[in-house]
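Coordinates from upload19.cif are shown below (mmCIF, C-alpha atoms).
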data_my_file
#
loop_
_atom_site.label_atom_id
_atom_site.label_comp_id
_atom_site.auth_asym_id
_atom_site.auth_seq_id
_atom_site.Cartn_x
_atom_site.Cartn_y
_atom_site.Cartn_z
CA MET R 1 -33.08 0.20 -12.31
CA LEU R 2 -32.10 -3.31 -13.23
CA VAL R 3 -28.79 -5.07 -12.62
CA MET R 4 -27.98 -8.51 -13.98
CA THR R 5 -24.85 -10.60 -13.74
CA LEU R 6 -23.89 -13.54 -15.90
CA GLU R 7 -21.18 -16.14 -15.43
CA ARG R 8 -20.20 -18.98 -17.75
CA VAL R 9 -23.11 -18.53 -20.13
CA PRO R 10 -23.05 -18.78 -23.95
CA PRO R 11 -21.53 -15.65 -25.59
CA SER R 12 -24.65 -15.05 -27.66
CA LEU R 13 -26.73 -14.67 -24.51
CA ARG R 14 -24.33 -12.01 -23.25
CA GLY R 15 -24.65 -10.21 -26.54
CA GLU R 16 -28.40 -10.52 -26.44
CA LEU R 17 -28.58 -8.76 -23.06
CA THR R 18 -26.60 -5.78 -24.36
CA ARG R 19 -29.53 -5.01 -26.63
CA TRP R 20 -31.39 -3.84 -23.49
CA LEU R 21 -28.66 -3.11 -20.95
CA ILE R 22 -25.13 -1.75 -20.90
CA GLU R 23 -22.28 -4.01 -19.85
CA VAL R 24 -20.36 -1.96 -17.28
CA GLN R 25 -17.94 -4.79 -16.49
CA THR R 26 -17.56 -8.26 -17.84
CA GLY R 27 -20.80 -10.01 -16.98
CA VAL R 28 -22.41 -7.04 -15.21
CA TYR R 29 -25.35 -5.42 -16.98
CA VAL R 30 -27.23 -2.28 -15.95
CA GLY R 31 -30.28 -0.56 -17.34
CA THR R 32 -33.79 0.66 -16.75
CA VAL R 33 -36.64 -1.43 -18.12
CA SER R 34 -40.28 -2.04 -17.26
CA ALA R 35 -41.36 -4.89 -14.96
CA THR R 36 -42.64 -6.92 -17.90
CA VAL R 37 -39.42 -6.60 -19.86
CA ARG R 38 -37.41 -7.38 -16.74
CA ASP R 39 -39.35 -10.62 -16.22
CA LEU R 40 -39.06 -11.57 -19.88
CA LEU R 41 -35.29 -10.95 -19.79
CA TRP R 42 -35.04 -13.15 -16.71
CA ASP R 43 -36.97 -15.95 -18.43
CA LYS R 44 -34.69 -15.64 -21.44
CA VAL R 45 -31.53 -15.76 -19.34
CA VAL R 46 -32.69 -18.75 -17.30
CA GLN R 47 -33.74 -20.57 -20.43
CA HIS R 48 -30.38 -20.13 -22.18
CA ALA R 49 -27.93 -20.16 -19.26
CA ARG R 50 -26.84 -23.79 -19.94
CA GLY R 51 -25.32 -24.48 -16.53
CA GLY R 52 -23.96 -20.95 -16.11
CA ARG R 53 -24.97 -18.64 -13.29
CA CYS R 54 -27.05 -15.51 -13.34
CA THR R 55 -28.53 -13.06 -10.88
CA GLN R 56 -31.02 -10.27 -11.27
CA LEU R 57 -31.53 -7.29 -8.94
CA TYR R 58 -34.26 -4.74 -9.32
CA ARG R 59 -36.03 -2.01 -7.41
CA SER R 60 -39.03 -3.14 -5.41
CA ASN R 61 -41.45 -1.58 -3.02
CA SER R 62 -40.23 -3.69 -0.08
CA GLU R 63 -38.49 -2.33 2.98
CA GLN R 64 -35.11 -3.22 1.52
CA GLY R 65 -35.99 -1.32 -1.64
CA PHE R 66 -34.77 -4.05 -3.98
CA ALA R 67 -35.33 -7.71 -4.76
CA VAL R 68 -32.89 -10.40 -5.87
CA ARG R 69 -33.21 -13.62 -7.78
CA MET R 70 -30.56 -16.16 -8.63
CA HIS R 71 -30.23 -19.04 -10.98
CA GLY R 72 -27.63 -21.79 -11.09
CA GLU R 73 -25.81 -20.53 -7.99
CA GLY R 74 -24.29 -23.47 -6.14
CA ARG R 75 -22.62 -21.84 -3.17
CA ARG R 76 -25.06 -19.06 -2.45
CA THR R 77 -28.74 -19.37 -1.66
CA LEU R 78 -31.29 -16.66 -1.09
CA VAL R 79 -32.91 -16.77 2.30
CA ASP R 80 -36.09 -14.94 3.15
CA LEU R 81 -36.16 -14.04 6.85
CA GLU R 82 -39.69 -12.83 7.42
CA GLY R 83 -39.62 -10.54 4.42
CA TYR R 84 -35.92 -9.64 4.61
CA GLN R 85 -33.90 -11.17 1.76
CA LEU R 86 -30.37 -12.24 2.66
CA VAL R 87 -27.75 -14.50 1.13
CA ALA R 88 -26.53 -17.69 2.79
CA VAL R 89 -23.18 -19.30 1.97
CA LYS R 90 -22.17 -22.84 2.87
CA ASP R 91 -18.59 -22.28 3.99
CA ALA R 92 -16.21 -24.09 6.33
CA ARG R 93 -17.68 -22.39 9.38
CA TYR R 94 -21.11 -23.58 8.37
CA GLU R 95 -19.86 -27.16 8.20
CA THR R 96 -18.51 -26.98 11.76
CA LEU R 97 -21.61 -25.37 13.21
CA LYS R 98 -24.01 -27.59 11.33
CA GLY R 99 -23.69 -30.37 13.90
CA ASN R 100 -24.76 -28.12 16.77
CA PHE R 101 -28.07 -27.24 15.22
CA ALA R 102 -28.97 -30.38 13.28
CA PRO R 103 -32.29 -31.84 14.33
CA PRO R 104 -31.95 -35.11 16.24
CA GLU R 105 -31.88 -38.01 13.82
CA GLU R 106 -35.04 -40.02 13.77
CA LEU R 107 -34.80 -43.48 15.22
CA GLU R 108 -35.00 -46.19 12.65
CA THR R 109 -38.02 -48.36 13.09
CA LEU R 110 -37.75 -52.04 12.62
CA MET E 111 2.49 -4.68 -12.97
CA THR E 112 4.45 -2.82 -10.30
CA ASP E 113 1.15 -1.43 -9.04
CA LEU E 114 -0.16 -4.91 -8.49
CA MET E 115 2.99 -5.95 -6.64
CA THR E 116 2.87 -3.03 -4.22
CA HIS E 117 -0.79 -3.73 -3.54
CA GLN E 118 -0.01 -7.29 -2.59
CA SER E 119 2.80 -6.41 -0.24
CA GLN E 120 0.74 -3.87 1.69
CA ALA E 121 0.04 -4.39 5.37
CA PRO E 122 -3.48 -5.37 6.45
CA ILE E 123 -5.96 -2.50 6.76
CA VAL E 124 -6.14 -0.86 10.15
CA TRP E 125 -9.82 -0.07 10.80
CA LYS E 126 -10.48 3.17 12.58
CA LYS E 127 -13.26 3.88 15.02
CA GLN E 128 -16.69 3.75 13.38
CA ASN E 129 -17.38 6.98 11.53
CA LEU E 130 -20.93 7.86 12.53
CA ARG E 131 -21.57 9.68 9.26
CA GLU E 132 -21.33 6.37 7.42
CA LEU E 133 -24.30 4.92 9.27
CA PRO E 134 -27.70 5.36 7.65
CA LYS E 135 -30.06 7.42 9.76
CA PHE E 136 -32.46 5.29 11.77
CA ARG E 137 -35.35 6.28 9.52
CA ASP E 138 -33.49 5.19 6.37
CA GLY E 139 -32.49 1.77 7.61
CA THR E 140 -34.28 -1.54 7.74
CA SER E 141 -36.48 -2.21 10.73
CA TYR E 142 -35.73 -5.57 12.30
CA LEU E 143 -34.40 -9.06 11.83
CA TYR E 144 -35.35 -12.07 13.90
CA LEU E 145 -32.98 -14.99 14.38
CA GLU E 146 -33.26 -18.17 16.37
CA HIS E 147 -31.10 -21.26 16.83
CA SER E 148 -28.07 -19.58 15.35
CA THR E 149 -24.58 -18.48 16.26
CA LEU E 150 -23.56 -14.93 15.52
CA GLU E 151 -19.90 -14.16 15.00
CA GLN E 152 -17.49 -11.89 13.23
CA ASP E 153 -15.60 -13.22 10.23
CA GLY E 154 -13.14 -10.74 8.76
CA ARG E 155 -15.22 -7.59 9.04
CA SER E 156 -18.53 -9.27 8.35
CA ILE E 157 -21.10 -10.32 10.91
CA GLN E 158 -22.33 -13.80 10.16
CA ALA E 159 -25.16 -15.88 11.48
CA PHE E 160 -25.66 -19.58 11.14
CA HIS E 161 -28.71 -20.61 9.14
CA PRO E 162 -29.69 -24.11 7.98
CA GLU E 163 -29.11 -22.90 4.39
CA GLY E 164 -25.62 -21.55 5.09
CA MET E 165 -23.85 -18.66 6.78
CA ILE E 166 -25.79 -15.41 6.41
CA THR E 167 -23.98 -12.09 6.37
CA ILE E 168 -26.00 -9.52 8.26
CA PRO E 169 -26.03 -5.89 7.09
CA CYS E 170 -25.98 -4.67 10.69
CA ALA E 171 -25.04 -1.04 9.96
CA SER E 172 -28.40 -0.39 8.33
CA LEU E 173 -30.39 -2.58 10.70
CA GLY E 174 -32.50 -0.98 13.43
CA VAL E 175 -32.88 -3.86 15.80
CA LEU E 176 -31.80 -7.48 15.90
CA LEU E 177 -34.19 -9.77 17.75
CA LEU E 178 -32.51 -12.89 19.08
CA GLY E 179 -34.83 -15.78 19.84
CA PRO E 180 -34.20 -19.06 21.67
CA GLY E 181 -30.99 -20.95 20.93
CA THR E 182 -28.90 -17.98 19.82
CA SER E 183 -25.43 -17.05 20.93
CA VAL E 184 -23.32 -14.03 20.04
CA SER E 185 -19.56 -13.73 20.12
CA HIS E 186 -17.85 -10.84 21.87
CA SER E 187 -16.50 -9.32 18.66
CA ALA E 188 -19.88 -9.58 16.94
CA MET E 189 -21.52 -7.79 19.85
CA LYS E 190 -18.90 -5.05 19.67
CA ALA E 191 -19.50 -4.60 15.95
CA LEU E 192 -23.25 -4.46 16.50
CA SER E 193 -22.95 -1.78 19.13
CA ASP E 194 -20.39 0.20 17.08
CA THR E 195 -22.82 0.35 14.19
CA GLY E 196 -25.69 1.39 16.43
CA CYS E 197 -27.72 -1.78 15.94
CA SER E 198 -29.81 -2.60 19.00
CA VAL E 199 -29.90 -6.19 20.13
CA LEU E 200 -32.84 -7.67 21.94
CA TRP E 201 -33.03 -11.09 23.44
CA VAL E 202 -36.61 -12.22 23.16
CA GLY E 203 -38.06 -15.34 24.64
CA GLU E 204 -40.32 -17.82 22.98
CA GLN E 205 -43.10 -15.75 24.48
CA GLY E 206 -41.96 -12.89 22.29
CA VAL E 207 -41.63 -10.86 25.43
CA ARG E 208 -38.50 -8.83 25.75
CA MET E 209 -35.89 -10.08 28.17
CA TYR E 210 -32.80 -8.00 27.67
CA ALA E 211 -31.66 -5.16 25.51
CA SER E 212 -28.42 -3.43 24.74
CA GLY E 213 -26.55 -1.31 22.27
CA VAL E 214 -25.51 2.28 21.89
CA GLY E 215 -26.99 4.83 19.56
CA GLU E 216 -25.54 6.67 16.60
CA SER E 217 -24.90 9.75 18.66
CA ARG E 218 -21.93 10.25 20.93
CA LYS E 219 -23.15 13.56 22.28
CA SER E 220 -25.22 13.82 25.42
CA GLU E 221 -27.00 17.04 24.47
CA ARG E 222 -30.30 15.30 23.83
CA LEU E 223 -30.14 13.20 26.94
CA MET E 224 -29.57 16.35 28.99
CA ARG E 225 -32.54 18.02 27.34
CA GLN E 226 -34.68 14.95 28.04
CA ALA E 227 -33.58 14.99 31.68
CA ARG E 228 -34.40 18.70 32.02
CA LEU E 229 -37.88 18.23 30.52
CA TRP E 230 -38.41 15.16 32.66
CA ALA E 231 -37.29 16.71 35.91
CA HIS E 232 -39.63 19.70 35.96
CA PRO E 233 -43.25 18.74 36.78
CA ARG E 234 -44.65 21.40 34.46
CA SER E 235 -42.69 20.44 31.36
CA ARG E 236 -43.20 16.78 32.15
CA GLU E 237 -46.96 17.20 32.30
CA ARG E 238 -46.90 19.13 29.03
CA ILE E 239 -45.16 16.23 27.32
CA VAL E 240 -47.46 13.66 28.90
CA ARG E 241 -50.47 15.58 27.56
CA GLN E 242 -48.82 15.90 24.16
CA MET E 243 -48.22 12.13 24.06
CA TYR E 244 -51.83 11.37 24.91
CA THR E 245 -53.03 13.90 22.35
CA MET E 246 -51.04 12.10 19.65
CA ARG E 247 -53.17 9.02 20.18
CA PHE E 248 -56.44 10.84 19.58
CA PRO E 249 -56.82 11.92 15.94
CA GLU E 250 -59.57 14.34 16.94
CA GLY E 251 -57.38 15.88 19.66
CA LEU E 252 -58.00 16.30 23.38
CA PRO E 253 -59.61 19.29 25.10
CA ASP E 254 -57.14 21.29 27.21
CA HIS E 255 -59.18 21.41 30.41
CA LEU E 256 -59.14 17.65 31.10
CA THR E 257 -57.26 16.43 34.15
CA LEU E 258 -54.71 13.64 33.71
CA GLN E 259 -57.14 11.32 35.48
CA GLN E 260 -59.81 12.10 32.88
CA ILE E 261 -57.33 11.65 30.04
CA ARG E 262 -56.38 8.22 31.34
CA GLY E 263 -60.06 7.36 31.43
CA ARG E 264 -60.49 8.39 27.80
CA GLU E 265 -57.40 6.43 26.82
CA GLY E 266 -58.82 3.30 28.49
CA ALA E 267 -62.08 3.73 26.61
CA ARG E 268 -60.22 4.32 23.34
CA VAL E 269 -58.22 1.11 23.71
CA ARG E 270 -61.28 -0.93 24.68
CA ASP E 271 -63.20 0.49 21.76
CA LEU E 272 -60.40 -0.28 19.30
CA TYR E 273 -60.12 -3.88 20.52
CA ALA E 274 -63.86 -4.28 19.97
CA ARG E 275 -63.69 -2.73 16.51
CA TYR E 276 -60.75 -4.82 15.32
CA SER E 277 -62.42 -7.90 16.78
CA GLN E 278 -65.57 -7.21 14.82
CA ALA E 279 -63.78 -6.26 11.62
CA HIS E 280 -61.72 -9.46 11.52
CA GLY E 281 -64.24 -11.79 13.14
CA VAL E 282 -61.84 -12.72 15.95
CA LYS E 283 -63.39 -13.19 19.35
CA TRP E 284 -61.83 -10.81 21.86
CA GLN E 285 -61.97 -11.46 25.56
CA GLU E 286 -59.06 -9.85 27.28
CA ARG E 287 -55.37 -9.12 26.93
CA LYS E 288 -53.82 -12.05 28.73
CA TYR E 289 -50.55 -13.91 28.54
CA ASN E 290 -48.60 -16.07 30.88
CA ARG E 291 -44.86 -15.50 30.74
CA GLY E 292 -44.32 -19.01 32.05
CA ASN E 293 -46.46 -20.75 29.48
CA TRP E 294 -46.54 -19.42 25.95
CA ASP E 295 -48.77 -22.14 24.54
CA GLU E 296 -51.52 -21.37 26.99
CA ALA E 297 -52.25 -17.98 25.42
CA SER E 298 -54.99 -17.62 22.81
CA PRO E 299 -53.78 -17.09 19.19
CA ILE E 300 -54.76 -13.43 19.20
CA ASN E 301 -52.86 -12.84 22.44
CA LYS E 302 -49.81 -14.62 21.00
CA ALA E 303 -50.06 -12.48 17.89
CA ILE E 304 -50.22 -9.29 19.93
CA SER E 305 -47.26 -10.34 22.12
CA SER E 306 -45.11 -11.13 19.13
CA GLY E 307 -45.97 -7.89 17.34
CA THR E 308 -45.50 -5.84 20.50
CA ALA E 309 -42.02 -7.30 21.06
CA CYS E 310 -41.01 -6.02 17.62
CA LEU E 311 -42.51 -2.62 18.32
CA TYR E 312 -40.72 -2.34 21.67
CA GLY E 313 -37.50 -3.24 19.92
CA LEU E 314 -38.01 -0.52 17.33
CA ALA E 315 -38.99 2.08 19.92
CA HIS E 316 -35.90 1.17 21.93
CA ALA E 317 -33.68 1.40 18.86
CA ALA E 318 -35.22 4.76 17.89
CA ILE E 319 -34.62 6.17 21.37
CA LEU E 320 -30.99 5.00 21.48
CA SER E 321 -30.36 6.02 17.91
CA CYS E 322 -31.48 9.58 18.66
CA GLY E 323 -29.34 9.69 21.81
CA TYR E 324 -32.06 9.64 24.49
CA SER E 325 -32.38 7.47 27.57
CA PRO E 326 -34.91 4.62 27.63
CA ALA E 327 -35.23 4.96 31.40
CA LEU E 328 -36.55 8.53 31.66
CA GLY E 329 -40.17 7.89 30.78
CA PHE E 330 -42.81 10.60 30.93
CA VAL E 331 -46.09 8.67 31.15
CA HIS E 332 -44.50 5.48 32.44
CA THR E 333 -42.12 5.73 35.31
CA GLY E 334 -39.87 3.65 37.51
CA LYS E 335 -38.53 1.13 34.97
CA GLN E 336 -35.32 1.02 32.97
CA LEU E 337 -37.47 0.91 29.85
CA SER E 338 -40.17 3.40 30.84
CA PHE E 339 -39.55 5.66 27.87
CA VAL E 340 -39.66 2.65 25.52
CA TYR E 341 -43.19 1.89 26.76
CA ASP E 342 -44.12 5.56 26.33
CA VAL E 343 -43.01 5.64 22.71
CA ALA E 344 -44.38 2.21 21.79
CA ASP E 345 -47.78 3.11 23.22
CA LEU E 346 -48.07 5.97 20.74
CA TYR E 347 -48.24 3.49 17.87
CA LYS E 348 -49.28 0.19 19.39
CA MET E 349 -52.96 0.24 18.47
CA GLU E 350 -52.31 1.53 14.98
CA VAL E 351 -49.32 -0.65 14.12
CA VAL E 352 -49.62 -3.97 15.91
CA MET E 353 -53.35 -4.54 16.30
CA PRO E 354 -54.51 -4.63 12.66
CA VAL E 355 -51.74 -7.09 11.82
CA ALA E 356 -52.32 -9.23 14.92
CA PHE E 357 -56.07 -9.49 14.37
CA GLN E 358 -55.65 -10.13 10.65
CA GLU E 359 -53.22 -13.01 11.28
CA ALA E 360 -55.31 -14.42 14.14
CA ALA E 361 -58.33 -14.44 11.83
CA ARG E 362 -56.43 -16.57 9.32
CA GLY E 363 -55.81 -19.22 11.94
CA GLY E 364 -53.16 -21.92 11.50
CA GLN E 365 -49.66 -22.46 12.83
CA ASP E 366 -46.66 -20.15 13.39
CA ILE E 367 -48.73 -17.15 14.27
CA ASP E 368 -45.79 -15.27 15.79
CA ARG E 369 -43.68 -15.68 12.66
CA ARG E 370 -46.53 -14.63 10.38
CA VAL E 371 -47.17 -11.53 12.48
CA ARG E 372 -43.53 -10.46 12.14
CA LEU E 373 -43.68 -11.03 8.38
CA ALA E 374 -46.86 -8.99 7.91
CA LEU E 375 -45.62 -6.33 10.30
CA ARG E 376 -42.65 -5.55 8.08
CA ASP E 377 -44.88 -4.48 5.20
CA HIS E 378 -47.15 -2.57 7.53
CA ILE E 379 -44.20 -0.71 9.11
CA LYS E 380 -42.85 0.15 5.70
CA GLN E 381 -46.27 1.37 4.54
CA LEU E 382 -46.74 3.57 7.61
CA ARG E 383 -43.14 4.85 7.31
CA LEU E 384 -42.94 4.07 10.98
CA LEU E 385 -39.17 4.46 11.44
CA GLU E 386 -39.25 7.93 9.99
CA ARG E 387 -42.29 8.87 12.04
CA MET E 388 -40.82 7.54 15.28
CA ALA E 389 -37.61 9.50 14.89
CA ASN E 390 -39.47 12.68 13.92
CA ASP E 391 -42.07 12.35 16.68
CA LEU E 392 -39.36 11.81 19.28
CA LEU E 393 -37.48 14.92 18.25
CA THR E 394 -40.67 16.98 18.06
CA LEU E 395 -41.87 15.80 21.46
CA LEU E 396 -38.62 16.74 23.15
CA ASP E 397 -38.29 20.00 21.17
CA ASP E 398 -35.15 19.16 19.32
CA ARG E 399 -33.63 20.90 16.33
CA HIS E 400 -34.01 17.71 14.25
CA GLU E 401 -30.41 17.83 13.15
CA ILE E 402 -27.26 16.82 14.89
CA ASP E 403 -23.69 16.64 13.69
CA PRO E 404 -22.77 13.00 14.12
CA GLY E 405 -19.07 13.20 13.33
CA ASP E 406 -17.53 14.67 16.40
CA ASP E 407 -14.28 13.75 18.02
CA ASP E 408 -14.02 16.52 20.61
CA VAL E 409 -13.41 15.51 24.20
CA GLY E 410 -16.34 17.39 25.70
CA GLU E 411 -16.51 20.23 28.16
CA LEU E 412 -16.40 20.66 31.92
CA TRP E 413 -19.44 22.09 33.64
CA ASP E 414 -19.19 25.40 35.38
CA PRO E 415 -22.01 27.51 36.82
CA GLU E 416 -20.57 30.46 34.88
CA GLY E 417 -20.70 28.50 31.62
CA ASN E 418 -18.90 25.35 30.47
CA VAL E 419 -15.15 25.35 30.01
CA GLN E 420 -12.99 23.38 27.61
CA GLY E 421 -12.20 19.79 28.71
CA GLY E 422 -9.09 17.74 27.97
CA VAL E 423 -6.70 20.57 28.83
CA ASN E 424 -4.69 21.20 31.95
CA HIS E 425 -6.44 23.90 33.94
CA ALA E 426 -3.58 24.21 36.41
CA GLY E 427 -1.84 26.67 34.12
CA ASP E 428 1.25 28.25 35.66
CA ASP E 429 0.27 27.42 39.25
CA ALA E 430 1.31 23.78 38.89
#

Could you express the structure from this file as structure tokens?
Amino acid sequence: MLVMTLERVPPSLRGELTRWLIEVQTGVYVGTVSATVRDLLWDKVVQHARGGRCTQLYRSNSEQGFAVRMHGEGRRTLVDLEGYQLVAVKDARYETLKGNFAPPEELETL
Amino acid sequence: MTDLMTHQSQAPIVWKKQNLRELPKFRDGTSYLYLEHSTLEQDGRSIQAFHPEGMITIPCASLGVLLLGPGTSVSHSAMKALSDTGCSVLWVGEQGVRMYASGVGESRKSERLMRQARLWAHPRSRERIVRQMYTMRFPEGLPDHLTLQQIRGREGARVRDLYARYSQAHGVKWQERKYNRGNWDEASPINKAISSGTACLYGLAHAAILSCGYSPALGFVHTGKQLSFVYDVADLYKMEVVMPVAFQEAARGGQDIDRRVRLALRDHIKQLRLLERMANDLLTLLDDRHEIDPGDDDVGELWDPEGNVQGGVNHAGDDA
């Protein structure tokens, strides 16, 4: 099972994906393809995204049962916590807490 | 259009008490998550943790145990959400040695706890379970006629032998199991690796026990501690689960051995289907029916030597 999402990418790329997957909602594509095809589709999407955003989710043999990759996402980053993939968002709360955990600034040397 | 308008004017959702059927069974969930130097709080309905990369939303309902390392703090509402969803929380020190644990399981019935207490309280049934637990550690089985003293002797020899074999297989020198709670850095890399892996395993055993609705205090082999049963359960798997990973990582050398052990342990746990095995073994050991109805809102019964009677009703009847 493969799920891909596309945002703000060229229309022809969206059309291209529908040759392999079905578009269940605008920008959301679902299908079943082999690992090779999945990787090739990802390469294609990344190559032609032109500043748009895309994500890919697919079944994996990990404990979570799936893996995620993202491209062009500004707000969200993937974080790997000892083999557990989670998503981190830089929101307002993050900005306030950031100060508490920032490493002490290094002293400037003359 | 009118549909949209009515949606917008609706009052905020009132969230009911956690429906236990919604929670994945312990064996179907993810094993553990380790956090340090972060703040855990509730935002809307989500549980978020601070991370240098941004705020991380934690899928706590499917998580077995959350290990909190140094520099973490948890808000009251986050803690409530964690316990509602049956996620165990463990505060672990830099030593990777457990300090504190909490949480409630995904069962609101006390049937299993009562069965555990009955089996625990009678010397004969208790000894049967102790023997069964020891037998589980020996793939070839144990002869019936051995005394407990002899079994403990065999267990000691088994552990010593396994340490020697892992040590040889991975080329890691093994002297003794030694750690100083006061000084983490003093321990040898292999001892650090074992401590860190064992902390995870204790957490999982604890979560499995709570999740099934048993008490961590009523241990069969171990006795006299609030976590006796946790040690019992963890010991069933310790040599098989933690040691290969610990020795493998110690053999590789280098920094961050505790983190690397946790990382490698996740794959190993998944491969062994440990969560599933733990839950099944627990139920088998304590002769359970392996199935319990989690969604239950009844108020419980009142004990009577003649047989329990309905609770939550006025028994005064017409006499009042």

On this file, the PyMOL selection byres ((chain R) within 6 of (chain E)) gives some set of residues; write that set as a compact mmCIF listing (two decimals) with C-alpha atoms, keeping the file's coordinate frame.
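Final file, expr16.txt:
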# COMPACT_ATOMS: atom_id res chain seq x y z
CA GLU R 63 -38.49 -2.33 2.98
CA GLU R 82 -39.69 -12.83 7.42
CA GLY R 83 -39.62 -10.54 4.42
CA VAL R 87 -27.75 -14.50 1.13
CA ALA R 88 -26.53 -17.69 2.79
CA VAL R 89 -23.18 -19.30 1.97
CA LYS R 90 -22.17 -22.84 2.87
CA TYR R 94 -21.11 -23.58 8.37

Care to translate the PyMOL selection byres ((chain E and resi 221-235) around 8) into actual residues of this file, as number ranges by chain? E: 219-220, 236-239, 322-325, 328-330, 396, 398

Give me a file of those residues, with C-alpha atoms, as an mmCIF file, keeping the file's coordinate frame.
data_model
loop_
_atom_site.group_PDB
_atom_site.id
_atom_site.type_symbol
_atom_site.label_atom_id
_atom_site.label_comp_id
_atom_site.auth_asym_id
_atom_site.auth_seq_id
_atom_site.Cartn_x
_atom_site.Cartn_y
_atom_site.Cartn_z
ATOM 1 C CA LYS E 219 -23.150 13.560 22.280
ATOM 2 C CA SER E 220 -25.220 13.820 25.420
ATOM 3 C CA ARG E 236 -43.200 16.780 32.150
ATOM 4 C CA GLU E 237 -46.960 17.200 32.300
ATOM 5 C CA ARG E 238 -46.900 19.130 29.030
ATOM 6 C CA ILE E 239 -45.160 16.230 27.320
ATOM 7 C CA CYS E 322 -31.480 9.580 18.660
ATOM 8 C CA GLY E 323 -29.340 9.690 21.810
ATOM 9 C CA TYR E 324 -32.060 9.640 24.490
ATOM 10 C CA SER E 325 -32.380 7.470 27.570
ATOM 11 C CA LEU E 328 -36.550 8.530 31.660
ATOM 12 C CA GLY E 329 -40.170 7.890 30.780
ATOM 13 C CA PHE E 330 -42.810 10.600 30.930
ATOM 14 C CA LEU E 396 -38.620 16.740 23.150
ATOM 15 C CA ASP E 398 -35.150 19.160 19.320
#

Could you tell me which residues the PyMOL selection byres ((chain R and resi 36-50) around 8) returns for this structure, as a PyMOL selection string? chain R and resi 2+8-10+13+17+33-35+51-54+56+71

Atom pair CA of Leu252 in chain E / CA of Leu311 in chain E: separation (Å):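 A separation of 25.0 Å between them.
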
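Of the listed residues R:Asp91, R:Gln25, R:Gly99, R:Thr55, the one whose atoms come nearest to Leu78 in chain R is R:Thr55, with distances taken using all atoms listed in the file.
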
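A straight line drawn from CA of Val202 in chain E to CA of Tyr312 in chain E is 10.8 Å long.
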
When you draw a straight line from CA of Tyr289 in chain E to CA of Gly334 in chain E, how long is it in Å?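 Between CA of Tyr289 in chain E and CA of Gly334 in chain E the gap works out to 22.4 Å.
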
Please provide the set of residues having any atom within 8 Å of Ser185 in chain E, restricted to all atoms listed in the file, with same-chain residues fewer than 4 positions apart removed, written as an MDAnalysis selection string. chainID E and resid 149:152 189

Output the selection as a PDB file, keeping the file's coordinate frame - C-alpha atoms for each residue.
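Done, and the output landed in result.pdb:
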ATOM      1  CA  THR E 149     -24.580 -18.480  16.260  1.00  0.00           C
ATOM      2  CA  LEU E 150     -23.560 -14.930  15.520  1.00  0.00           C
ATOM      3  CA  GLU E 151     -19.900 -14.160  15.000  1.00  0.00           C
ATOM      4  CA  GLN E 152     -17.490 -11.890  13.230  1.00  0.00           C
ATOM      5  CA  MET E 189     -21.520  -7.790  19.850  1.00  0.00           C
TER       6      MET E 189
END

Write out as a PyMOL selection string which residues come within 12 Å of range 261-266 of chain E when counting only C-alpha atoms, dropping same-chain ones fewer than 2 positions away. chain E and resi 237+240-248+251-259+268-273+331+345-346+349

Please identify all polymer residues within 12 Å of range 276-283 of chain E, counting all atoms listed in the file, omitting same-chain residues fewer than 2 positions from it, and present them as a list in words.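 Once the adjacent positions are removed, what remains is Val269, Arg270, Asp271, Leu272, Tyr273, Ala274, Gln285, Glu286, Arg287, Ser298, Pro299, Ile300, Asn301, Ala303, Met349, Glu350, Val352, Met353, Pro354, Val355, Ala356, Phe357, Gln358, Glu359, Ala360, Ala361, Arg362 and Gly363 of chain E.
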
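Using only C-alpha atoms, the smallest distance between any of E:Leu314, E:His332, E:Leu178, E:Ala171 and Lys135 in chain E comes from E:Ala171.
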
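Candidate residues E:Leu392, E:Cys310, E:Leu133, E:Ala426 were compared for distance to Asp342 in chain E, and the nearest is E:Leu392, using only C-alpha atoms.
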
At a cut-off of 12 Å around the point (-33.4, -6.2, -5.3) (file coordinates), what residues fall inside when counting all atoms listed in the file? I'd like the answer as a list in words. Met1, Leu2, Val3, Met4, Thr55, Gln56, Leu57, Tyr58, Arg59, Ser60, Asn61, Ser62, Glu63, Gln64, Gly65, Phe66, Ala67, Val68, Arg69, Met70, Leu78, Tyr84, Gln85, Leu86 and Val87 of chain R

Using all atoms listed in the file, find the one residue out of R:Thr5, R:Gly72, R:Ser12, R:Leu81 that sits nearest to Val24 in chain R. R:Thr5
